[in-house]
2 protein chains.
Amino acid sequence: MYIGIDLGGTNIKAGVVDENGTIIYKDSCPTGAGRPSNDILKDMADLAVDTVKKAGLTMDDIQSVGVGSPGSVDEENGVLIRAENLNFDHVPICAKISEYTGKKTYLGNDANVAALAEYYAQGKEMECFIAVTLGTGVGGGIVINGKLYTGFNGAAAEVGHMVTHAGGHRCNCGRSGCWEAYASVSALIRQTKASLAEDSTSLMYQAVDGDLSKVGGKTAFDAAKQGDAAAQKVVQTYLENVGIGIANLINVFQPDMIVIGGAISKEGDYLLNPVKEFCAKEAFTQSGKVTELKIAGLGNDAGLIGAAFLGK
Amino acid sequence: MYIGIDLGGTNIKAGVVDENGTIIYKDSCPTGAGRPSNDILKDMADLAVDTVKKAGLTMDDIQSVGVGSPGSVDEENGVLIRAENLNFDHVPICAKISEYTGKKTYLGNDANVAALAEYYAQGKEMECFIAVTLGTGVGGGIVINGKLYTGFNGAAAEVGHMVTHAGGHRCNCGRSGCWEAYASVSALIRQTKASLAEDSTSLMYQAVDGDLSKVGGKTAFDAAKQGDAAAQKVVQTYLENVGIGIANLINVFQPDMIVIGGAISKEGDYLLNPVKEFCAKEAFTQSGKVTELKIAGLGNDAGLIGAAFLGK
């Protein structure tokens, strides 16, 4: 048994996970971001210990604790180097959590550990597996030969910050035209609003009662499915932009599989099939072996399960 | 001792290479692309055997033969799947060369094996090393933990075919806005010609006597170094486009080192320094550990040495 802790900007989730990635018991509490790091770390440890009790287990049943955190992590030393939304700067997460729980503790970036969980969930060995998250931002995790690939400084797999639209929209990272600025939920909302600002006759406009602040990541998808032409145009362009980045990853990595997660992945085949078609045209596949594209299966639990698996 | 064979569209190069990557003797002959593959393979083997004699050695001194080839290769089975410029389709290169030379033969993609040679030339272990070639096209090779990373189908590291300028210039691969269409010698020539078509007063125009067919990959660089404003603008834009792709690779891989080779790399610091400055702004480096950027050191011999090292 392992404890997984998913440290988010809004909530802390903790749970007990078995060898197979099944969550025995999980719970969450507010992060209270902005508080001193020690207070947050104490809450994380308390929550973790509490889930063990509620799972009907004791700490003797636990092999190790894993923490998935946003930001740049130094896995080797168990230090969270920098996480903007938590205001954490060089926080020795593993040392503290280990002190509080008495267990060996591992640390990984949240997108990376989620990728690890999705990899194990496939139940087969692969040379290269990539998980892409289309959420508020666009994140990624790369698993090569069964191990997380995080580069020489732990910060690799920032696939959202590969420029696909040089000279395009400014990204939060400072670059212009990042994939994230075209394929994230935030980007889709911006694109949907731009369409509404031009055309107030669409179904999308009705759906939000003409109030652009009500536009969400589903607004365009929902209207497109009902046949609204303006929405279909927004969705088509958005999906092409998703496809551009996925095809880039295929041409660079030729991974066995890419899974797409995050809020937008709930669109399922409506997202996946056009992206597959796009990649069939745009990715190098002379050998006849084509990267498998799938929707990620674990949803919001991927971070927790992947964190637990850091000690596996 | 190893034999390396670099199969190019114009010439075949072969040479005897020692453990340290020193070429003992090398020679070349025309490829005669378009001829039956067996004729070309026979020439490759004959040239290889001949270099061994001329090096004052016998085939008993040779451990293995390595072939670097353009196109998609199936390394495991030693088959060149497809190389457009040779008109090779599923050619069993290793079986044939092994038959002719009596030696175990390995096959790799030419850009990949060149990367392997450049990696060994650095003389230190690295988690991730990438070689980028700015030539007629833009190629790449990725070495992870000392081994070539070629993906599940042998076709990975096509870094030139990552789209950086969505909706931009059509690339030979069929995609629009590939990095190759902005950072290759061919792209630079196109960009230089576009500048000349607009402005016939620049030094570049004088340098080619107003004949656009004389524009080469050095035209803009040479005039820029002499202070020509139009040329400096062409070079600046070109170098930014090179930087965009390099920064993308850093954000995705966080490699220990990227070396830049190919024709344009002869510009040395005039190329390297602006790209370094660009990446310092555009690459994620919160840990303080920054990818080292260098000009590739082996020049045209990288392909031959890397092919030889396939058997190492």
# chains A, B, ... in the order shown; residues from 1 in each chain; ligands from 1

$ residues_around --residues "A:Met162" --least-positions-apart "2" --cutoff "6 Å" --atoms "only C-alpha atoms" --output "list in words"
Val159, Gly160, Cys178 and Trp179 of chain A; Asn248 of chain B

$ residues_around --residues "B:Met257" --least-positions-apart "6" --cutoff "10 Å" --atoms "only C-alpha atoms" --output "list in words"
Phe152 of chain A; Tyr119, Gln122, Met126, Glu127, Cys128, Phe129, Ile130, Ala131, Ile250, Val290, Thr291, Glu292, Leu293 and Lys294 of chain B

$ write_last_selection --atoms "N, CA, C and O atoms" --output "mmCIF file, in the first residue's frame"
data_model
loop_
_atom_site.group_PDB
_atom_site.id
_atom_site.type_symbol
_atom_site.label_atom_id
_atom_site.label_comp_id
_atom_site.auth_asym_id
_atom_site.auth_seq_id
_atom_site.Cartn_x
_atom_site.Cartn_y
_atom_site.Cartn_z
ATOM 1 N N PHE A 152 17.336 16.786 -17.272
ATOM 2 C CA PHE A 152 18.484 16.876 -16.358
ATOM 3 C C PHE A 152 18.205 17.792 -15.170
ATOM 4 O O PHE A 152 18.986 17.833 -14.230
ATOM 5 N N TYR B 119 27.647 12.994 -29.514
ATOM 6 C CA TYR B 119 27.506 12.687 -28.084
ATOM 7 C C TYR B 119 28.810 12.121 -27.535
ATOM 8 O O TYR B 119 29.340 12.602 -26.529
ATOM 9 N N GLN B 122 31.700 14.458 -26.920
ATOM 10 C CA GLN B 122 31.680 15.343 -25.753
ATOM 11 C C GLN B 122 32.457 14.725 -24.579
ATOM 12 O O GLN B 122 32.838 15.421 -23.642
ATOM 13 N N MET B 126 25.684 11.977 -20.264
ATOM 14 C CA MET B 126 24.602 12.942 -20.103
ATOM 15 C C MET B 126 23.281 12.191 -20.118
ATOM 16 O O MET B 126 23.152 11.172 -20.796
ATOM 17 N N GLU B 127 22.297 12.707 -19.392
ATOM 18 C CA GLU B 127 20.987 12.063 -19.398
ATOM 19 C C GLU B 127 20.332 12.237 -20.765
ATOM 20 O O GLU B 127 19.764 11.317 -21.328
ATOM 21 N N CYS B 128 20.411 13.452 -21.292
ATOM 22 C CA CYS B 128 19.825 13.702 -22.613
ATOM 23 C C CYS B 128 20.695 14.662 -23.402
ATOM 24 O O CYS B 128 21.133 15.700 -22.895
ATOM 25 N N PHE B 129 20.952 14.305 -24.644
ATOM 26 C CA PHE B 129 21.790 15.084 -25.549
ATOM 27 C C PHE B 129 21.062 15.135 -26.888
ATOM 28 O O PHE B 129 20.567 14.117 -27.368
ATOM 29 N N ILE B 130 20.954 16.324 -27.468
ATOM 30 C CA ILE B 130 20.278 16.459 -28.763
ATOM 31 C C ILE B 130 21.210 17.141 -29.755
ATOM 32 O O ILE B 130 21.856 18.142 -29.427
ATOM 33 N N ALA B 131 21.312 16.579 -30.944
ATOM 34 C CA ALA B 131 22.046 17.231 -32.033
ATOM 35 C C ALA B 131 21.029 17.677 -33.069
ATOM 36 O O ALA B 131 20.170 16.897 -33.487
ATOM 37 N N ILE B 250 14.173 22.474 -25.614
ATOM 38 C CA ILE B 250 14.566 22.602 -24.203
ATOM 39 C C ILE B 250 13.347 22.420 -23.307
ATOM 40 O O ILE B 250 13.376 21.661 -22.339
ATOM 41 N N VAL B 290 20.793 25.136 -16.712
ATOM 42 C CA VAL B 290 20.453 25.573 -18.067
ATOM 43 C C VAL B 290 21.129 24.669 -19.098
ATOM 44 O O VAL B 290 22.318 24.344 -18.976
ATOM 45 N N THR B 291 20.367 24.260 -20.090
ATOM 46 C CA THR B 291 20.895 23.440 -21.182
ATOM 47 C C THR B 291 22.082 24.133 -21.849
ATOM 48 O O THR B 291 21.995 25.307 -22.211
ATOM 49 N N GLU B 292 23.169 23.382 -22.026
ATOM 50 C CA GLU B 292 24.348 23.930 -22.687
ATOM 51 C C GLU B 292 24.127 23.898 -24.213
ATOM 52 O O GLU B 292 23.679 22.894 -24.753
ATOM 53 N N LEU B 293 24.410 25.019 -24.860
ATOM 54 C CA LEU B 293 24.271 25.085 -26.321
ATOM 55 C C LEU B 293 25.654 25.230 -26.937
ATOM 56 O O LEU B 293 26.440 26.075 -26.519
ATOM 57 N N LYS B 294 25.933 24.392 -27.938
ATOM 58 C CA LYS B 294 27.250 24.418 -28.573
ATOM 59 C C LYS B 294 27.130 24.188 -30.076
ATOM 60 O O LYS B 294 26.123 23.635 -30.551
#

$ interface_residues --of "chain B" --to "chain A" --cutoff "8 Å" --atoms "only C-alpha atoms" --output "PyMOL selection string"
chain B and resi 72-74+81-82+127-128+150-159+161-166+174-175+244-245+247-256+282+284-287+289

$ select_by_dssp --residues "stretch 31-159 of chain A" --states "strand (DSSP E or B)" --output "number ranges by chain"
A: 64-69, 72-74, 79-83, 88-91, 105-109, 128-134, 138-144, 147-149

$ atom_distance --atom1 "atom CA of A:Ala307" --atom2 "atom CA of A:Ile3"
7.9 Å

$ select_by_dssp --residues "stretch 171-310 of chain A" --states "helix (DSSP H, G or I)" --output "ChimeraX atom specification"
/A:180-183,185-198,203-207,212-214,219-225,229-253,263-267,269-282,299-309

$ residues_around --residues "B:Ala207" --least-positions-apart "4" --cutoff "10 Å" --atoms "only C-alpha atoms" --output "ChimeraX atom specification"
/B:202-203,211,214-215,219-220,222-223

$ write_last_selection --atoms "N, CA and C atoms" --output "CSV table (one decimal), in the first residue's frame"
chain,number,residue,atom,x,y,z
B,202,SER,N,20.6,46.6,-51.3
B,202,SER,CA,21.4,46.0,-50.2
B,202,SER,C,22.7,45.4,-50.7
B,203,LEU,N,23.6,45.2,-49.8
B,203,LEU,CA,24.9,44.5,-50.1
B,203,LEU,C,24.7,43.1,-50.7
B,211,ASP,N,21.4,38.6,-59.3
B,211,ASP,CA,20.9,37.3,-59.8
B,211,ASP,C,20.5,36.4,-58.6
B,214,LYS,N,21.8,33.0,-57.6
B,214,LYS,CA,23.1,32.9,-56.9
B,214,LYS,C,23.0,33.0,-55.4
B,215,VAL,N,21.8,33.2,-54.9
B,215,VAL,CA,21.7,33.4,-53.4
B,215,VAL,C,22.0,32.0,-52.7
B,219,THR,N,24.8,34.1,-48.1
B,219,THR,CA,24.6,35.5,-48.6
B,219,THR,C,24.2,36.5,-47.6
B,220,ALA,N,23.2,36.2,-46.8
B,220,ALA,CA,22.7,37.1,-45.8
B,220,ALA,C,23.7,37.2,-44.7
B,222,ASP,N,26.9,36.9,-44.7
B,222,ASP,CA,28.1,37.6,-45.1
B,222,ASP,C,27.8,39.1,-45.1
B,223,ALA,N,26.7,39.5,-45.7
B,223,ALA,CA,26.4,40.9,-45.8
B,223,ALA,C,26.0,41.5,-44.5

$ residues_around --residues "B:Tyr2" --least-positions-apart "3" --cutoff "12 Å" --atoms "only C-alpha atoms" --output "PyMOL selection string"
chain B and resi 5+14-26+48-49+51-52+55+57-67+103-106+304-312

$ atom_distance --atom1 "atom CA of B:Glu99" --atom2 "atom CA of B:Ala45"
9.3 Å
